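Participant: Here you go, this is query12.cif (mmCIF, C-alpha atoms).
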data_data
loop_
_atom_site.label_atom_id
_atom_site.label_comp_id
_atom_site.auth_asym_id
_atom_site.auth_seq_id
_atom_site.Cartn_x
_atom_site.Cartn_y
_atom_site.Cartn_z
CA MET A 1 -51.14 -70.51 -15.78
CA GLN A 2 -49.95 -73.14 -13.34
CA HIS A 3 -47.17 -74.12 -15.78
CA ASN A 4 -45.96 -70.49 -15.93
CA GLN A 5 -45.96 -70.22 -12.12
CA SER A 6 -43.91 -73.40 -11.90
CA LYS A 7 -41.36 -72.06 -14.39
CA LEU A 8 -41.16 -68.76 -12.48
CA PHE A 9 -40.62 -70.62 -9.20
CA VAL A 10 -37.80 -72.71 -10.70
CA ALA A 11 -36.20 -69.60 -12.22
CA ASN A 12 -36.30 -67.81 -8.84
CA MET A 13 -34.82 -70.86 -7.13
CA VAL A 14 -31.95 -71.04 -9.62
CA GLU A 15 -31.27 -67.31 -9.36
CA SER A 16 -31.30 -67.45 -5.55
CA ALA A 17 -28.95 -70.45 -5.58
CA ILE A 18 -26.53 -68.63 -7.89
CA ARG A 19 -26.59 -65.51 -5.70
CA ILE A 20 -26.05 -67.52 -2.52
CA GLY A 21 -23.24 -69.48 -4.17
CA LEU A 22 -21.48 -66.34 -5.35
CA LEU A 23 -21.89 -64.76 -1.93
CA PHE A 24 -20.45 -67.91 -0.30
CA ILE A 25 -17.46 -67.86 -2.67
CA LEU A 26 -16.93 -64.16 -1.88
CA VAL A 27 -17.05 -64.83 1.87
CA VAL A 28 -14.57 -67.73 1.59
CA TRP A 29 -12.14 -65.69 -0.52
CA THR A 30 -12.44 -62.75 1.86
CA PHE A 31 -11.72 -64.96 4.86
CA ASP A 32 -8.66 -66.47 3.14
CA ILE A 33 -7.36 -62.95 2.49
CA ILE A 34 -7.85 -61.66 6.04
CA LYS A 35 -7.04 -64.94 7.84
CA PRO A 36 -3.36 -64.05 8.52
CA PHE A 37 -4.50 -60.82 10.21
CA VAL A 38 -7.31 -62.22 12.39
CA ILE A 39 -5.17 -63.24 15.39
CA PRO A 40 -3.01 -60.05 15.43
CA VAL A 41 -6.13 -57.87 15.15
CA LEU A 42 -7.86 -59.81 17.96
CA TRP A 43 -4.78 -59.46 20.15
CA GLY A 44 -4.55 -55.79 19.21
CA ALA A 45 -8.15 -55.26 20.31
CA ILE A 46 -7.57 -57.16 23.58
CA ILE A 47 -4.40 -55.18 24.36
CA ALA A 48 -6.11 -51.90 23.47
CA VAL A 49 -9.03 -52.65 25.81
CA ALA A 50 -6.63 -53.64 28.59
CA LEU A 51 -4.38 -50.57 28.22
CA MET A 52 -7.10 -48.00 27.57
CA PRO A 53 -7.27 -46.80 31.23
CA MET A 54 -3.49 -46.18 31.17
CA THR A 55 -3.83 -44.41 27.82
CA THR A 56 -6.46 -42.08 29.26
CA LYS A 57 -4.26 -41.19 32.25
CA LEU A 58 -1.23 -40.61 30.05
CA GLU A 59 -3.35 -38.52 27.68
CA ARG A 60 -4.27 -36.19 30.56
CA ALA A 61 -0.59 -35.86 31.48
CA LEU A 62 0.23 -35.02 27.85
CA LYS A 63 -2.57 -32.40 27.70
CA GLY A 64 -4.93 -34.31 25.44
CA ARG A 65 -2.45 -35.80 22.98
CA ARG A 66 -4.07 -39.18 22.55
CA GLY A 67 -1.92 -40.26 19.60
CA ILE A 68 1.35 -39.65 21.44
CA ALA A 69 0.04 -41.44 24.55
CA ALA A 70 -0.98 -44.50 22.51
CA THR A 71 2.37 -44.53 20.67
CA ILE A 72 4.34 -44.35 23.94
CA LEU A 73 2.42 -47.27 25.44
CA ALA A 74 2.75 -49.36 22.25
CA LEU A 75 6.52 -48.71 22.09
CA ALA A 76 6.89 -49.48 25.81
CA GLY A 77 5.07 -52.78 25.29
CA ILE A 78 7.34 -53.67 22.36
CA ILE A 79 10.45 -52.91 24.45
CA LEU A 80 9.10 -55.00 27.34
CA LEU A 81 8.62 -57.88 24.91
CA ILE A 82 11.97 -57.63 23.16
CA ALA A 83 14.18 -57.03 26.22
CA PRO A 84 13.43 -60.32 28.11
CA PHE A 85 13.52 -62.32 24.86
CA TRP A 86 16.88 -60.79 23.99
CA MET A 87 18.26 -61.47 27.49
CA VAL A 88 17.07 -65.10 27.54
CA SER A 89 18.27 -65.72 23.97
CA SER A 90 21.67 -64.16 24.72
CA SER A 91 21.97 -66.23 27.90
CA LEU A 92 21.14 -69.43 26.03
CA PHE A 93 23.55 -68.59 23.20
CA ASP A 94 26.37 -67.82 25.64
CA GLY A 95 25.69 -71.01 27.57
CA VAL A 96 25.70 -73.14 24.42
CA SER A 97 28.88 -71.42 23.17
CA ARG A 98 30.72 -72.04 26.45
CA THR A 99 29.54 -75.64 26.53
CA VAL A 100 30.78 -76.25 22.98
CA GLU A 101 34.15 -74.63 23.78
CA MET A 102 34.54 -76.76 26.91
CA LEU A 103 33.69 -79.94 25.03
CA GLN A 104 36.15 -79.08 22.24
CA SER A 105 38.95 -78.27 24.68
CA GLY A 106 38.30 -81.35 26.81
CA ASN A 107 38.54 -79.30 30.02
CA VAL A 108 35.17 -80.32 31.39
CA ASP A 109 34.99 -80.62 35.14
CA ILE A 110 31.54 -81.63 36.39
CA PRO A 111 31.33 -81.90 40.21
CA GLY A 112 30.06 -85.24 41.41
CA PRO A 113 26.78 -85.66 43.32
CA THR A 114 26.62 -85.73 47.09
CA GLN A 115 24.86 -88.30 49.24
CA LYS A 116 21.95 -85.86 49.67
CA VAL A 117 21.05 -86.49 46.02
CA ALA A 118 20.80 -90.23 46.61
CA ASP A 119 18.59 -89.62 49.63
CA ILE A 120 15.91 -87.89 47.54
CA PRO A 121 12.78 -90.09 47.58
CA LEU A 122 11.81 -92.04 44.43
CA ILE A 123 14.27 -90.49 41.99
CA GLY A 124 17.37 -90.11 44.18
CA ASP A 125 19.22 -93.32 43.22
CA LYS A 126 18.64 -92.93 39.48
CA LEU A 127 19.58 -89.22 39.59
CA PHE A 128 22.75 -90.05 41.56
CA GLU A 129 23.73 -92.70 39.01
CA VAL A 130 23.22 -90.45 35.97
CA TRP A 131 24.95 -87.48 37.60
CA ALA A 132 27.91 -89.63 38.63
CA LEU A 133 28.23 -91.00 35.08
CA PHE A 134 28.42 -87.48 33.62
CA ALA A 135 30.95 -86.45 36.29
CA THR A 136 33.28 -89.45 35.80
CA ASN A 137 32.93 -90.37 32.12
CA LEU A 138 31.38 -87.57 30.09
CA GLU A 139 32.04 -89.16 26.70
CA LYS A 140 30.31 -92.40 27.64
CA ALA A 141 27.38 -90.47 29.17
CA LEU A 142 26.93 -88.38 26.01
CA LEU A 143 26.95 -91.49 23.80
CA HIS A 144 24.49 -93.25 26.11
CA PHE A 145 22.03 -90.35 26.23
CA LEU A 146 22.61 -89.13 22.64
CA PRO A 147 19.01 -89.83 21.43
CA GLN A 148 17.52 -87.98 24.40
CA ILE A 149 19.97 -85.10 23.90
CA LYS A 150 19.04 -84.81 20.20
CA THR A 151 15.35 -84.83 21.08
CA GLY A 152 15.86 -82.16 23.71
CA VAL A 153 17.91 -79.94 21.38
CA SER A 154 15.31 -80.29 18.60
CA ALA A 155 12.51 -79.44 21.02
CA ALA A 156 14.44 -76.41 22.32
CA ALA A 157 15.10 -75.21 18.76
CA GLY A 158 11.41 -75.62 17.92
CA MET A 159 10.39 -73.70 21.02
CA LEU A 160 12.86 -70.92 20.17
CA GLY A 161 11.50 -70.65 16.62
CA SER A 162 7.92 -70.65 17.86
CA SER A 163 8.78 -68.01 20.46
CA LEU A 164 10.36 -65.83 17.77
CA GLY A 165 7.21 -66.13 15.64
CA SER A 166 5.02 -65.27 18.62
CA LEU A 167 7.25 -62.28 19.40
CA VAL A 168 6.82 -60.89 15.88
CA MET A 169 3.06 -61.46 16.06
CA PHE A 170 2.79 -59.60 19.39
CA ILE A 171 4.86 -56.71 18.06
CA ILE A 172 2.40 -56.38 15.16
CA SER A 173 -0.49 -56.68 17.63
CA LEU A 174 0.93 -53.89 19.79
CA ALA A 175 1.22 -51.64 16.73
CA ILE A 176 -2.42 -52.40 15.90
CA ALA A 177 -3.39 -51.77 19.53
CA GLY A 178 -1.73 -48.36 19.31
CA GLY A 179 -3.97 -47.50 16.35
CA PHE A 180 -7.07 -48.71 18.20
CA MET A 181 -6.18 -46.66 21.29
CA ALA A 182 -5.47 -43.54 19.23
CA HIS A 183 -8.95 -43.74 17.69
CA ALA A 184 -10.75 -45.25 20.67
CA GLU A 185 -13.99 -43.27 20.34
CA LYS A 186 -14.51 -44.16 16.67
CA CYS A 187 -13.69 -47.82 17.33
CA SER A 188 -16.01 -47.95 20.33
CA THR A 189 -18.86 -46.36 18.38
CA ALA A 190 -18.39 -48.78 15.48
CA VAL A 191 -18.32 -51.82 17.78
CA SER A 192 -21.40 -50.64 19.69
CA THR A 193 -23.28 -49.99 16.43
CA VAL A 194 -22.48 -53.47 15.10
CA ALA A 195 -23.35 -55.08 18.44
CA MET A 196 -26.70 -53.32 18.63
CA ARG A 197 -27.41 -54.25 15.03
CA VAL A 198 -26.66 -57.93 15.76
CA VAL A 199 -28.15 -58.48 19.23
CA GLY A 200 -30.50 -55.54 19.68
CA PRO A 201 -30.82 -53.21 22.68
CA HIS A 202 -28.43 -55.27 24.84
CA GLY A 203 -25.57 -54.69 22.39
CA GLU A 204 -24.05 -51.67 24.12
CA GLU A 205 -24.35 -53.34 27.52
CA TRP A 206 -22.56 -56.45 26.27
CA THR A 207 -19.85 -54.35 24.66
CA SER A 208 -19.09 -52.84 28.08
CA LEU A 209 -19.23 -56.34 29.62
CA THR A 210 -16.68 -57.57 27.05
CA ALA A 211 -14.23 -54.77 27.90
CA ALA A 212 -14.63 -55.33 31.65
CA THR A 213 -14.19 -59.11 31.27
CA ILE A 214 -10.98 -58.68 29.26
CA ARG A 215 -9.53 -56.42 31.96
CA SER A 216 -10.64 -58.88 34.64
CA VAL A 217 -8.91 -61.80 32.92
CA LEU A 218 -5.80 -59.68 32.39
CA LEU A 219 -5.63 -58.96 36.12
CA GLY A 220 -6.75 -62.36 37.34
CA VAL A 221 -4.68 -64.56 35.00
CA VAL A 222 -1.81 -62.58 33.49
CA GLY A 223 -1.46 -60.33 36.54
CA VAL A 224 -1.36 -63.25 38.99
CA ALA A 225 1.11 -65.12 36.74
CA PHE A 226 3.36 -62.04 36.68
CA ILE A 227 3.24 -61.66 40.49
CA GLN A 228 3.99 -65.37 40.99
CA SER A 229 6.91 -65.30 38.55
CA LEU A 230 8.24 -62.17 40.27
CA LEU A 231 8.11 -63.83 43.72
CA ILE A 232 9.61 -67.12 42.57
CA GLY A 233 12.16 -65.40 40.33
CA SER A 234 13.42 -63.27 43.22
CA ALA A 235 14.05 -66.48 45.20
CA LEU A 236 15.90 -68.05 42.27
CA PHE A 237 18.17 -65.02 41.85
CA ALA A 238 18.67 -64.66 45.62
CA PHE A 239 19.94 -68.25 45.88
CA SER A 240 21.96 -68.03 42.64
CA ILE A 241 20.09 -70.80 40.84
CA PRO A 242 21.60 -71.46 37.37
CA ALA A 243 19.46 -70.13 34.48
CA ALA A 244 17.27 -68.25 36.99
CA GLY A 245 15.96 -65.93 34.27
CA LEU A 246 14.88 -68.82 32.06
CA PHE A 247 13.11 -70.57 34.94
CA THR A 248 11.33 -67.30 35.82
CA VAL A 249 10.01 -67.00 32.25
CA ILE A 250 8.86 -70.65 32.36
CA VAL A 251 7.03 -70.01 35.65
CA PHE A 252 5.30 -67.01 34.04
CA ILE A 253 4.22 -69.09 31.03
CA PHE A 254 2.96 -71.87 33.32
CA GLY A 255 0.99 -69.31 35.33
CA ILE A 256 -0.72 -67.99 32.20
CA ALA A 257 -1.46 -71.56 31.09
CA GLN A 258 -3.03 -72.19 34.53
CA LEU A 259 -0.47 -74.88 35.32
CA PRO A 260 0.92 -75.01 38.87
CA PRO A 261 4.35 -73.35 39.11
CA LEU A 262 5.35 -76.07 41.57
CA ILE A 263 5.98 -78.30 38.52
CA VAL A 264 8.99 -76.08 37.80
CA VAL A 265 9.86 -75.39 41.42
CA LEU A 266 10.00 -78.93 42.87
CA PRO A 267 13.10 -80.07 40.90
CA LEU A 268 14.81 -76.82 41.93
CA ILE A 269 14.03 -77.57 45.57
CA PHE A 270 15.81 -80.93 45.20
CA TYR A 271 18.75 -79.14 43.56
CA VAL A 272 19.02 -76.58 46.38
CA PHE A 273 18.91 -79.29 49.08
CA SER A 274 21.70 -81.13 47.26
CA THR A 275 23.94 -78.06 46.92
CA HIS A 276 23.15 -75.89 49.99
CA ASP A 277 23.00 -76.34 53.72
CA SER A 278 19.74 -77.32 55.38
CA THR A 279 18.82 -73.86 56.72
CA PRO A 280 19.05 -71.87 53.45
CA ALA A 281 17.49 -74.79 51.56
CA THR A 282 14.54 -74.78 53.97
CA ILE A 283 14.15 -71.00 53.59
CA PHE A 284 14.19 -71.39 49.80
CA THR A 285 11.61 -74.17 49.97
CA VAL A 286 9.18 -72.20 52.15
CA TRP A 287 9.67 -69.10 49.98
CA VAL A 288 8.92 -70.74 46.64
CA ILE A 289 6.06 -72.93 47.94
CA ILE A 290 4.26 -69.90 49.42
CA ALA A 291 4.84 -68.02 46.16
CA GLY A 292 3.59 -71.01 44.15
CA LEU A 293 0.39 -71.26 46.18
CA SER A 294 -0.25 -67.51 46.25
CA ASP A 295 -2.61 -67.72 43.25
CA SER A 296 -5.34 -69.22 45.46
CA LEU A 297 -5.34 -65.93 47.39
CA LEU A 298 -4.67 -63.52 44.53
CA LYS A 299 -7.22 -64.78 41.98
CA PRO A 300 -10.31 -64.13 44.16
CA MET A 301 -8.93 -60.65 44.86
CA LEU A 302 -8.15 -59.67 41.25
CA MET A 303 -10.38 -61.71 38.98
CA GLY A 304 -13.92 -60.44 38.52
CA ARG A 305 -13.18 -56.86 39.60
CA GLY A 306 -15.53 -54.45 37.87
CA VAL A 307 -17.65 -57.28 36.44
CA ASP A 308 -21.00 -58.51 37.75
CA VAL A 309 -20.25 -62.02 36.48
CA PRO A 310 -19.08 -64.41 39.26
CA MET A 311 -15.39 -65.19 39.35
CA PRO A 312 -15.83 -68.98 38.79
CA VAL A 313 -17.68 -68.30 35.52
CA ILE A 314 -14.82 -66.12 34.23
CA LEU A 315 -12.18 -68.61 35.44
CA ILE A 316 -13.92 -71.59 33.81
CA GLY A 317 -14.30 -69.62 30.56
CA ALA A 318 -10.63 -68.60 30.62
CA ILE A 319 -9.32 -72.12 31.26
CA GLY A 320 -11.72 -73.77 28.80
CA GLY A 321 -10.97 -71.15 26.15
CA MET A 322 -7.24 -71.62 26.59
CA ILE A 323 -7.56 -75.40 26.18
CA THR A 324 -9.64 -74.89 23.03
CA ALA A 325 -7.93 -71.93 21.33
CA GLY A 326 -4.58 -71.38 23.06
CA ILE A 327 -3.54 -68.29 24.97
CA ILE A 328 -5.97 -66.02 23.13
CA GLY A 329 -8.74 -68.34 24.30
CA LEU A 330 -8.10 -67.07 27.85
CA PHE A 331 -9.86 -63.86 26.86
CA LEU A 332 -12.28 -65.16 24.23
CA GLY A 333 -13.51 -68.00 26.45
CA ALA A 334 -14.08 -65.71 29.41
CA VAL A 335 -15.95 -63.16 27.26
CA ILE A 336 -18.16 -65.80 25.62
CA LEU A 337 -19.05 -67.47 28.92
CA ALA A 338 -19.73 -64.09 30.55
CA ILE A 339 -22.12 -63.13 27.74
CA TRP A 340 -23.91 -66.48 28.01
CA TYR A 341 -24.22 -65.95 31.75
CA GLU A 342 -25.82 -62.55 31.16
CA LEU A 343 -28.11 -64.09 28.52
CA PHE A 344 -29.19 -66.73 31.03
CA LEU A 345 -29.94 -64.09 33.68
CA THR A 346 -31.86 -62.02 31.13
CA TRP A 347 -33.94 -65.06 30.23
CA LEU A 348 -34.63 -65.85 33.89
CA ASN A 349 -35.67 -62.28 34.70
CA SER A 350 -37.61 -61.67 31.52
CA GLU A 351 -41.16 -60.46 32.07
CA GLU A 352 -42.13 -62.11 28.82
CA SER A 353 -41.21 -65.61 30.01
CA PRO A 354 -43.97 -68.23 29.68
CA ALA A 355 -44.37 -68.42 33.46
CA ALA A 356 -45.16 -64.71 33.63
CA LEU A 357 -47.70 -64.65 30.82
CA PRO A 358 -51.40 -64.76 31.86
CA GLN A 359 -53.02 -68.07 31.14
CA ALA A 360 -56.44 -68.23 29.50
CA SER A 361 -59.07 -69.93 31.64
CA ASN A 362 -61.10 -72.78 30.20
CA ASP A 363 -64.19 -71.45 32.01
CA GLU A 364 -63.97 -68.05 30.29
CA PRO A 365 -66.73 -67.69 27.68
CA VAL A 366 -65.60 -67.41 24.11
CA ASP A 367 -67.19 -64.71 21.99
CA SER A 368 -69.01 -66.13 19.05
CA PRO A 369 -68.47 -64.73 15.56
CA GLU A 370 -72.02 -63.48 15.55
CA LYS A 371 -71.18 -61.00 18.29
#
Just dump the structure as C-alpha cells.

Facilitator:
Amino acid sequence: MQHNQSKLFVANMVESAIRIGLLFILVVWTFDIIKPFVIPVLWGAIIAVALMPMTTKLERALKGRRGIAATILALAGIILLIAPFWMVSSSLFDGVSRTVEMLQSGNVDIPGPTQKVADIPLIGDKLFEVWALFATNLEKALLHFLPQIKTGVSAAAGMLGSSLGSLVMFIISLAIAGGFMAHAEKCSTAVSTVAMRVVGPHGEEWTSLTAATIRSVLLGVVGVAFIQSLLIGSALFAFSIPAAGLFTVIVFIFGIAQLPPLIVVLPLIFYVFSTHDSTPATIFTVWVIIAGLSDSLLKPMLMGRGVDVPMPVILIGAIGGMITAGIIGLFLGAVILAIWYELFLTWLNSEESPAALPQASNDEPVDSPEK
C-alpha cells in the first residue's frame, strides 16, 4: 500500500513538472512574440489615458462620434511629431550642405573672436585660442580637431537614427492610442476586471489612480518641459541665435529628462555676450535664466493635480522610473510608487492590523474540554 502511494506521488510530481515546464515554455514563446509590441502598446495606453478628456470634449462637439474624434486626435499627434522632426532634419541637412559647399569652394570666412570671449571666466582663453585658429587657418584647425569632429559626426548620426526609430515607434503608439480611445469603455471595463481579479476590491480604485497619475505626470513633467522650451525658445528666436529650433528641442528633451535647461542655456549666454552689446545680452540672460528656473514654480502647481498622492512621491517615482526604464519610466515609475503609497496608507488605516485586534488576557479562564 505504501509502495503504491509512493509511486502515485512520484507520478503526480512528474506530471506536474511536465505541465509547469510546458506552461513556462509557452509563456516564454508568447513573450518573445509580443515583445516588439510591448513598448508601443504601453505608450499607446499612456497617450490614450492622457488624451481621453480631450477625446470626450471633441466627441460632444462631433455629436457622439467617438471614432472620428479619436482619429482626429491621433492624426493631429502624428502631425505634431512629424512637423518638428522634418523642420529640424531639413535645417540640419541644409546646414551640412552649405558647409560642404563652402569647404569645397574654399570661400570660408569665419569672423574672429572679440576680446569679450577671452574675458569669459575659466574657458575664455582656450575658447579664444580655438576660435582664432578656425578663423585664421581653417585647414590646420580641421586637421588638429579631426578625431573630435569624427566623434561628433558619428554621435550626431547615431542620435538622428535613434530619433527616427523613436519617431516611428511613437507614430505606431499614436495609432494604437486612437484604437484605445475609440473603444474606451470596453478597454476600461477589461482593465478594471483584470485589476479586481488580481488585487481584489481595490482594483477599480487603483485603476482610477493609475489614470490620474499618468495625467499628473504628463502635466507636471512633459507640460512643464514644453512651457520651459517655449519660453527659452522664444528668447533664442528673438535674439536670432543660430540653430534656435534645434536648441529649443534640446531644452524640451532636457526638461523631460529632468535635467536643468541651464546646461544648454549657459553656453548661449556666453555667445550672446560675445556677439551683442551689454544691454541686450543682459536682457537675454535674465529672460532665459528666469525661464530655466520656472520649473520650481510650475511643478508644484501642475504635478499632483487630481491625485491624492503627494507631489514629491510622484516626482520621485517619475525621476527614478526614468533612470531605470527611460522616458516611459516617467509614467511607470510614478504609477508604481503611487500605488505603493496607497498600499502603505491602506495598511496603516486597516482595522485588521495587529494593533487593532483584541488581545487575549492571560487572566481569562480557559474553558475545559469537559464543558

Participant: Starting from the shown file, work through the PyMOL selection byres ((chain A and resi 74-81) around 8) and note down what comes out as a count of residues only.

Facilitator: 14

Participant: Please measure the separation of CA of Ile314 (chain A) and CA of Met159 (chain A), giving the value in Å to one decimal.

Facilitator: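 Calculated distance between CA of Ile314 (chain A) and CA of Met159 (chain A) is 29.5 Å.
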
Participant: Tell me which of A:Leu302, A:Ile232, A:Val309, A:Glu139 sits closest to Leu345 (chain A), counting only C-alpha atoms.

Facilitator: A:Val309

Participant: Figure out the distance between CA of Leu330 (chain A) and CA of Gly44 (chain A), please, to one decimal in Å.

Facilitator: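 Computing the Euclidean distance for CA of Gly44 (chain A) and CA of Leu330 (chain A) yields 14.6 Å.
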
Participant: Figure out the distance between CA of Phe180 (chain A) and CA of Ile68 (chain A), please, to one decimal in Å.

Facilitator: 12.8 Å

Participant: Have a look at A:Ala184, A:Leu142, A:Ala156, A:Met322 and name the one nearest to Ala48 (chain A); count all atoms listed in the file.

Facilitator: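 Of all the options, A:Ala184 lies closest to Ala48 (chain A).
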
Participant: Env of Ala195 (chain A): 9 Å cut, atoms = only C-alpha atoms, seq-sep filter 5 positions within chain, self excluded. Answer as a ChimeraX atom specification.

Facilitator: /A:190,200-204,206-207

Participant: Tell me which of A:Leu209, A:Leu298, A:Met87, A:Val264 sits closest to Ser192 (chain A), counting only C-alpha atoms.

Facilitator: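 Result for the nearest residue to Ser192 (chain A): A:Leu209.
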
Participant: Evaluating the PyMOL selection byres ((chain A and resi 292) around 9) on the displayed file yields which residues, as a VMD selection string?

Facilitator: chain A and resid 228 to 229 231 to 232 260 to 262 265 287 to 291 293 to 295

Participant: Quick one: of A:Gly223, A:Leu332, A:Leu297, A:Ile172, who's nearest to Pro36 (chain A), counting all atoms listed in the file?

Facilitator: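 Of the candidates, the smallest distance to Pro36 (chain A) is held by A:Ile172.
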
Participant: Write out as a ChimeraX atom specification each polymer residue whose atoms come within 12 Å of Ala281 (chain A), counting all atoms listed in the file; drop sequence neighbours fewer than 2 positions from it.

Facilitator: /A:235-236,238-239,241,268-279,283-288

Participant: List, as a CSV table (one decimal) with C-alpha atoms, keeping the file's coordinate frame, every residue that the PyMOL selection byres ((chain A and resi 210) around 12) selects in the file provided.

Facilitator:
chain,number,residue,atom,x,y,z
A,45,ALA,CA,-8.2,-55.3,20.3
A,46,ILE,CA,-7.6,-57.2,23.6
A,49,VAL,CA,-9.0,-52.6,25.8
A,50,ALA,CA,-6.6,-53.6,28.6
A,188,SER,CA,-16.0,-48.0,20.3
A,191,VAL,CA,-18.3,-51.8,17.8
A,192,SER,CA,-21.4,-50.6,19.7
A,195,ALA,CA,-23.4,-55.1,18.4
A,203,GLY,CA,-25.6,-54.7,22.4
A,204,GLU,CA,-24.0,-51.7,24.1
A,205,GLU,CA,-24.4,-53.3,27.5
A,206,TRP,CA,-22.6,-56.4,26.3
A,207,THR,CA,-19.8,-54.4,24.7
A,208,SER,CA,-19.1,-52.8,28.1
A,209,LEU,CA,-19.2,-56.3,29.6
A,211,ALA,CA,-14.2,-54.8,27.9
A,212,ALA,CA,-14.6,-55.3,31.6
A,213,THR,CA,-14.2,-59.1,31.3
A,214,ILE,CA,-11.0,-58.7,29.3
A,215,ARG,CA,-9.5,-56.4,32.0
A,216,SER,CA,-10.6,-58.9,34.6
A,217,VAL,CA,-8.9,-61.8,32.9
A,306,GLY,CA,-15.5,-54.4,37.9
A,307,VAL,CA,-17.6,-57.3,36.4
A,308,ASP,CA,-21.0,-58.5,37.8
A,309,VAL,CA,-20.2,-62.0,36.5
A,314,ILE,CA,-14.8,-66.1,34.2
A,331,PHE,CA,-9.9,-63.9,26.9
A,332,LEU,CA,-12.3,-65.2,24.2
A,333,GLY,CA,-13.5,-68.0,26.4
A,334,ALA,CA,-14.1,-65.7,29.4
A,335,VAL,CA,-16.0,-63.2,27.3
A,336,ILE,CA,-18.2,-65.8,25.6
A,337,LEU,CA,-19.0,-67.5,28.9
A,338,ALA,CA,-19.7,-64.1,30.6
A,339,ILE,CA,-22.1,-63.1,27.7
A,340,TRP,CA,-23.9,-66.5,28.0
A,342,GLU,CA,-25.8,-62.6,31.2
